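Colleague: My structure file upload_19.tsv, TSV, C-alpha atoms, is below:
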chain	number	residue	atom	x	y	z
A	1	MET	CA	59.01	-29.55	-82.84
A	2	GLU	CA	61.40	-30.27	-85.71
A	3	GLU	CA	64.35	-29.35	-83.51
A	4	CYS	CA	63.17	-31.83	-80.86
A	5	GLU	CA	62.87	-34.56	-83.49
A	6	LEU	CA	66.36	-33.85	-84.82
A	7	ARG	CA	67.82	-34.01	-81.32
A	8	ASN	CA	65.64	-37.01	-80.39
A	9	LEU	CA	64.19	-35.20	-77.39
A	10	ILE	CA	61.31	-37.57	-76.68
A	11	PRO	CA	59.89	-36.02	-73.44
A	12	GLU	CA	59.88	-32.62	-75.09
A	13	GLN	CA	58.10	-34.05	-78.14
A	14	VAL	CA	55.49	-35.64	-75.87
A	15	PHE	CA	54.91	-32.31	-74.14
A	16	LEU	CA	54.56	-30.39	-77.39
A	17	LEU	CA	52.30	-32.98	-79.00
A	18	GLY	CA	50.08	-32.95	-75.93
A	19	ARG	CA	49.80	-29.17	-76.03
A	20	MET	CA	49.04	-29.33	-79.76
A	21	GLY	CA	46.22	-31.80	-79.15
A	22	ASN	CA	47.93	-34.73	-80.86
A	23	VAL	CA	47.59	-36.90	-77.76
A	24	LYS	CA	47.57	-40.22	-79.59
A	25	GLN	CA	50.95	-39.57	-81.16
A	26	ALA	CA	52.27	-38.37	-77.81
A	27	LEU	CA	51.09	-41.58	-76.14
A	28	LYS	CA	52.69	-43.63	-78.90
A	29	LEU	CA	56.03	-41.98	-78.21
A	30	ILE	CA	55.71	-42.76	-74.51
A	31	THR	CA	54.93	-46.43	-75.05
A	32	GLU	CA	57.26	-47.12	-77.97
A	33	LYS	CA	60.20	-44.77	-77.47
A	34	LEU	CA	60.27	-44.19	-73.72
A	35	GLN	CA	58.59	-47.51	-72.90
A	36	ASP	CA	57.41	-45.97	-69.65
A	37	VAL	CA	54.03	-47.43	-68.72
A	38	ASN	CA	53.71	-45.32	-65.57
A	39	LYS	CA	54.22	-42.14	-67.55
A	40	ALA	CA	51.71	-43.42	-70.12
A	41	ILE	CA	49.13	-44.01	-67.38
A	42	GLU	CA	49.67	-40.54	-65.95
A	43	PHE	CA	49.35	-39.09	-69.45
A	44	CYS	CA	46.03	-40.87	-69.95
A	45	LYS	CA	44.79	-39.75	-66.53
A	46	ASP	CA	45.64	-36.14	-67.33
A	47	HIS	CA	43.71	-36.19	-70.61
A	48	ASN	CA	41.03	-38.68	-69.52
A	49	GLU	CA	39.90	-39.70	-73.00
A	50	PRO	CA	38.40	-43.19	-73.48
A	51	GLU	CA	40.09	-43.60	-76.86
A	52	LEU	CA	43.46	-42.84	-75.29
A	53	TRP	CA	42.96	-45.56	-72.68
A	54	GLU	CA	41.95	-47.95	-75.45
A	55	ASP	CA	45.16	-47.16	-77.35
A	56	LEU	CA	47.24	-47.73	-74.23
A	57	ILE	CA	45.58	-51.07	-73.56
A	58	GLN	CA	46.03	-52.14	-77.17
A	59	SER	CA	49.71	-51.23	-77.19
A	60	SER	CA	50.28	-53.12	-73.92
A	61	LEU	CA	48.87	-56.50	-74.95
A	62	ASP	CA	52.28	-57.86	-75.98
A	63	LYS	CA	54.05	-56.44	-72.93
A	64	PRO	CA	53.40	-58.47	-69.74
A	65	PHE	CA	54.97	-55.83	-67.50
A	66	PHE	CA	52.74	-53.13	-69.00
A	67	ILE	CA	49.68	-55.31	-68.36
A	68	LYS	CA	50.70	-55.87	-64.75
A	69	VAL	CA	51.13	-52.16	-64.08
A	70	LEU	CA	47.89	-51.32	-65.88
A	71	LEU	CA	45.95	-53.81	-63.77
A	72	HIS	CA	47.30	-52.10	-60.67
A	73	ASN	CA	46.43	-48.57	-61.76
A	74	ILE	CA	43.48	-48.26	-64.14
A	75	GLY	CA	40.70	-49.65	-61.93
A	76	THR	CA	39.24	-46.23	-61.13
A	77	HIS	CA	39.47	-44.97	-64.71
A	78	VAL	CA	38.74	-47.94	-66.97
A	79	ASP	CA	36.85	-51.17	-66.41
A	80	PRO	CA	39.66	-53.72	-65.83
A	81	ILE	CA	37.55	-56.40	-67.53
A	82	ILE	CA	38.28	-54.67	-70.86
A	83	LEU	CA	41.98	-55.33	-70.34
A	84	ILE	CA	41.59	-58.80	-68.81
A	85	ASP	CA	39.44	-60.01	-71.73
A	86	LYS	CA	42.17	-59.00	-74.18
A	87	ILE	CA	45.06	-60.78	-72.45
A	88	GLN	CA	46.35	-63.54	-74.69
A	89	GLU	CA	45.73	-67.05	-73.42
A	90	GLY	CA	48.89	-68.61	-72.06
A	91	MET	CA	50.73	-65.32	-71.54
A	92	GLU	CA	52.79	-65.36	-68.37
A	93	ILE	CA	52.37	-62.22	-66.30
A	94	GLU	CA	54.40	-61.93	-63.13
A	95	GLY	CA	52.28	-60.95	-60.15
A	96	LEU	CA	48.99	-61.43	-62.02
A	97	ARG	CA	47.30	-62.94	-58.96
A	98	ASP	CA	48.25	-59.96	-56.79
A	99	SER	CA	46.99	-57.60	-59.48
A	100	LEU	CA	43.63	-59.37	-59.64
A	101	VAL	CA	43.36	-59.32	-55.85
A	102	LYS	CA	44.01	-55.57	-55.87
A	103	ILE	CA	41.30	-55.09	-58.50
A	104	LEU	CA	38.81	-56.91	-56.28
A	105	GLN	CA	39.88	-54.87	-53.26
A	106	ASP	CA	39.45	-51.64	-55.21
A	107	TYR	CA	36.04	-52.82	-56.38
A	108	TYR	CA	34.85	-53.61	-52.87
A	109	LEU	CA	36.24	-50.29	-51.67
A	110	GLN	CA	34.21	-48.46	-54.33
A	111	ILE	CA	31.10	-50.40	-53.34
A	112	SER	CA	31.70	-49.54	-49.69
A	113	LEU	CA	32.18	-45.85	-50.49
A	114	ARG	CA	29.03	-45.75	-52.59
A	115	GLU	CA	27.03	-47.44	-49.85
A	116	GLY	CA	28.38	-44.97	-47.30
A	117	CYS	CA	27.49	-42.03	-49.54
A	118	ARG	CA	24.02	-43.46	-50.13
A	119	LYS	CA	23.37	-43.74	-46.39
A	120	ILE	CA	24.56	-40.17	-45.83
A	121	LEU	CA	22.31	-38.89	-48.62
A	122	VAL	CA	19.31	-40.77	-47.24
A	123	VAL	CA	19.85	-39.37	-43.74
A	124	ASP	CA	20.34	-35.84	-45.09
A	125	SER	CA	17.22	-36.15	-47.24
A	126	PHE	CA	15.09	-37.21	-44.28
A	127	ASN	CA	16.53	-34.45	-42.10
A	128	LEU	CA	15.80	-31.82	-44.75
A	129	LEU	CA	12.31	-33.21	-45.31
A	130	ASP	CA	11.63	-33.14	-41.58
A	131	ARG	CA	12.85	-29.54	-41.40
A	132	LEU	CA	10.64	-28.59	-44.36
A	133	ILE	CA	7.56	-30.18	-42.80
A	134	LYS	CA	8.18	-28.44	-39.47
A	135	THR	CA	8.65	-25.11	-41.26
A	136	GLN	CA	5.45	-25.53	-43.24
A	137	LYS	CA	3.50	-26.43	-40.11
A	138	LYS	CA	4.46	-23.19	-38.40
A	139	GLY	CA	1.79	-20.55	-38.13
A	140	ILE	CA	2.00	-17.33	-40.10
A	141	ALA	CA	1.27	-14.10	-38.27
A	142	VAL	CA	-1.47	-11.91	-39.72
A	143	SER	CA	-1.74	-8.36	-38.42
A	144	SER	CA	-4.86	-6.24	-38.24
A	145	ALA	CA	-3.46	-4.17	-41.11
A	146	SER	CA	-3.18	-7.15	-43.49
A	147	MET	CA	-5.30	-6.80	-46.61
A	148	CYS	CA	-6.86	-9.38	-48.90
A	149	ASN	CA	-4.91	-9.31	-52.16
A	150	VAL	CA	-8.12	-9.65	-54.18
A	151	CYS	CA	-10.77	-7.40	-52.61
A	152	GLN	CA	-8.29	-5.17	-50.78
A	153	GLN	CA	-10.36	-5.38	-47.59
A	154	ARG	CA	-8.91	-6.07	-44.18
A	155	ILE	CA	-8.23	-9.69	-43.41
A	156	VAL	CA	-8.90	-9.30	-39.70
A	157	VAL	CA	-12.33	-7.92	-38.79
A	158	PHE	CA	-13.78	-7.48	-35.35
A	159	ASP	CA	-17.41	-7.68	-36.37
A	160	MET	CA	-18.13	-11.39	-36.68
A	161	ARG	CA	-20.97	-10.69	-39.10
A	162	TYR	CA	-18.37	-9.81	-41.73
A	163	ALA	CA	-15.85	-12.46	-40.74
A	164	SER	CA	-14.63	-14.86	-43.40
A	165	ASP	CA	-12.27	-17.79	-43.57
A	166	VAL	CA	-8.76	-16.66	-44.39
A	167	ILE	CA	-6.03	-18.38	-46.38
A	168	VAL	CA	-2.43	-17.21	-45.93
A	169	PHE	CA	0.33	-18.72	-48.05
A	170	HIS	CA	3.99	-19.03	-47.05
A	171	CYS	CA	4.80	-16.15	-49.37
A	172	LYS	CA	2.73	-14.01	-46.92
A	173	HIS	CA	0.01	-13.24	-49.49
A	174	ALA	CA	-3.35	-13.41	-47.73
A	175	PHE	CA	-6.85	-13.89	-49.14
A	176	HIS	CA	-10.41	-14.28	-48.03
A	177	GLU	CA	-11.35	-17.80	-49.00
A	178	ASP	CA	-14.43	-16.48	-50.82
A	179	CYS	CA	-12.22	-14.17	-52.90
A	180	LEU	CA	-10.15	-16.97	-54.37
A	181	PRO	CA	-11.33	-18.07	-57.83
A	182	ILE	CA	-10.88	-21.75	-56.97
A	183	ARG	CA	-11.56	-23.31	-53.60
A	184	GLY	CA	-8.93	-25.59	-52.14
A	185	VAL	CA	-6.11	-23.97	-54.11
A	186	ASN	CA	-2.69	-25.11	-52.87
A	187	SER	CA	-0.49	-22.34	-54.24
A	188	CYS	CA	-0.61	-18.58	-54.16
A	189	PRO	CA	-2.35	-17.31	-57.33
A	190	ILE	CA	-0.22	-14.16	-57.35
A	191	CYS	CA	3.12	-15.96	-57.16
A	192	SER	CA	1.95	-18.65	-59.60
A	193	SER	CA	0.96	-16.06	-62.20
A	194	GLN	CA	4.31	-14.31	-61.83
A	195	LYS	CA	6.15	-17.58	-62.48
A	196	ARG	CA	4.05	-18.25	-65.59
A	197	ALA	CA	4.41	-14.73	-66.96
A	198	PRO	CA	6.82	-14.50	-69.93
A	199	ALA	CA	9.99	-12.51	-69.45
A	200	PHE	CA	10.24	-9.35	-71.54
A	201	LYS	CA	13.53	-7.69	-72.30
Spell out the structure here as structure tokens.

Modeller:
Amino acid sequence: MEECELRNLIPEQVFLLGRMGNVKQALKLITEKLQDVNKAIEFCKDHNEPELWEDLIQSSLDKPFFIKVLLHNIGTHVDPIILIDKIQEGMEIEGLRDSLVKILQDYYLQISLREGCRKILVVDSFNLLDRLIKTQKKGIAVSSASMCNVCQQRIVVFDMRYASDVIVFHCKHAFHEDCLPIRGVNSCPICSSQKRAPAFK
């Protein structure tokens, strides 16, 4: 680092400071020594720290060209209003109107993209819900060998005198309705108890 300072190697100093974590000092070198606003913007994008963007905005307030370039490039990273509010009254900025128009275009583009994503998510949600409902409405096969998980008696009986209502959950656990501790239960008591059981190591 000292060698770079002695030889006035600014880009190398910026690189080393960035790797060392001294990003504020690195940004200061870019804006004051290199006076390269595009490089400063790329540097802030790479590190994506709000304080770094704030420093860049603050150091650009007396540089109309910096402000113009910032307005064109920071819309997706920083709220442009933060920069616009800090522009000194009466400062002449070449191409300011075009920059503001671009900000509005970027804003409407973001709104359009969000609306498109929202519509896609809504459609996907309804499709998945419809698939779930259809899956849950499907019947579950019960063989003659299936046993009640409480009384361990066969679920399917051929003598109607011993027949009982049967409840089969999607986990394939089957029960006589009379064997369940609570009538009208909506979840499998076996699977529910396993989920509630504490994990032992």

Colleague: Write out as an mmCIF file with C-alpha atoms, in the coordinates of the input which residues come within 12 Å of Gln105 of chain A when counting all atoms listed in the file, dropping same-chain ones fewer than 5 positions away.

Modeller:
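Once written, result_28.cif looks like this:
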data_model
loop_
_atom_site.group_PDB
_atom_site.id
_atom_site.type_symbol
_atom_site.label_atom_id
_atom_site.label_comp_id
_atom_site.auth_asym_id
_atom_site.auth_seq_id
_atom_site.Cartn_x
_atom_site.Cartn_y
_atom_site.Cartn_z
ATOM 1 C CA HIS A 72 47.300 -52.100 -60.670
ATOM 2 C CA GLY A 75 40.700 -49.650 -61.930
ATOM 3 C CA THR A 76 39.240 -46.230 -61.130
ATOM 4 C CA ASP A 98 48.250 -59.960 -56.790
ATOM 5 C CA SER A 99 46.990 -57.600 -59.480
ATOM 6 C CA LEU A 100 43.630 -59.370 -59.640
ATOM 7 C CA GLN A 110 34.210 -48.460 -54.330
ATOM 8 C CA ILE A 111 31.100 -50.400 -53.340
ATOM 9 C CA SER A 112 31.700 -49.540 -49.690
#

Colleague: Could you give me, as CSV, a per-residue list for segment 31-144 of chain A showing, wherever an atom lies at most 9 Å from an atom of segment 167-190 of chain A, the closest pair of atoms and their distance in Å to one decimal, using all atoms listed in the file and sorting by chain then residue number from low to high?

Modeller:
residue,atom,partner,partner_atom,distance
A:Gln136,CA,A:His170,CA,7.7
A:Ile140,CA,A:Val168,CA,7.3
A:Ala141,CA,A:Lys172,CA,8.8
A:Val142,CA,A:Val168,CA,8.2

Colleague: Using only C-alpha atoms, determine which residues lie at most 7 Å from Ile155 of chain A, disregarding the query and same-chain residues fewer than 5 positions distant; provide the list as a PDB file with C-alpha atoms, keeping the file's coordinate frame.

Modeller:
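Output (around_17.pdb):
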ATOM      1  CA  SER A 146      -3.180  -7.150 -43.490  1.00  0.00           C
ATOM      2  CA  MET A 147      -5.300  -6.800 -46.610  1.00  0.00           C
ATOM      3  CA  CYS A 148      -6.860  -9.380 -48.900  1.00  0.00           C
ATOM      4  CA  HIS A 176     -10.410 -14.280 -48.030  1.00  0.00           C
TER       5      HIS A 176
END

Colleague: Determine the nearest neighbour of Ile103 of chain A from the options A:Ala163, A:Leu61, A:Leu83, A:Ala26, counting all atoms listed in the file.

Modeller: A:Leu83

Colleague: Restricting the calculation to all atoms listed in the file, which member of A:Leu34, A:Met20, A:Cys4, A:Leu27 is positioned closest to Glu51 of chain A?

Modeller: A:Leu27

Colleague: Atom CA of Val166 of chain A and atom CA of Ser192 of chain A are how many Å apart?

Modeller: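 A separation of 18.7 Å between them.
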
Colleague: Which residue out of A:Asn48, A:Gln13, A:Ser143, A:Gln88 has the minimum interatomic distance to Pro64 of chain A when all atoms listed in the file are used?

Modeller: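 Residue with the minimum atom-to-atom distance to Pro64 of chain A: A:Gln88.
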
Colleague: Quick one: of A:Leu96, A:Ile133, A:Leu71, A:Ile87, who's nearest to Gln58 of chain A, counting all atoms listed in the file?

Modeller: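 With all atoms listed in the file as the atom set, the closest residue is A:Ile87.
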
Colleague: Give me the box for segment 164-174 of chain A as lines of an AutoDock Vina configuration file, namely the centre and edge lengths in Å to one decimal of a box along x, y and z that holds every listed atom plus 3 Å on each side.

Modeller:
center_x = -4.9
center_y = -16.1
center_z = -46.4
size_x = 25.4
size_y = 11.8
size_z = 12.1

Colleague: Which residue, A:Gln152, A:Asn22, A:Asn38, A:Gln194, has the smallest gap to Leu70 of chain A when you use all atoms listed in the file?

Modeller: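 Smallest distance to Leu70 of chain A is found for A:Asn38.
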
Colleague: Which one is closest to Arg19 of chain A: A:Met1, A:Ile57, A:Val37, A:Val101? Count all atoms listed in the file.

Modeller: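 Among the listed residues, A:Met1 lies closest to Arg19 of chain A.
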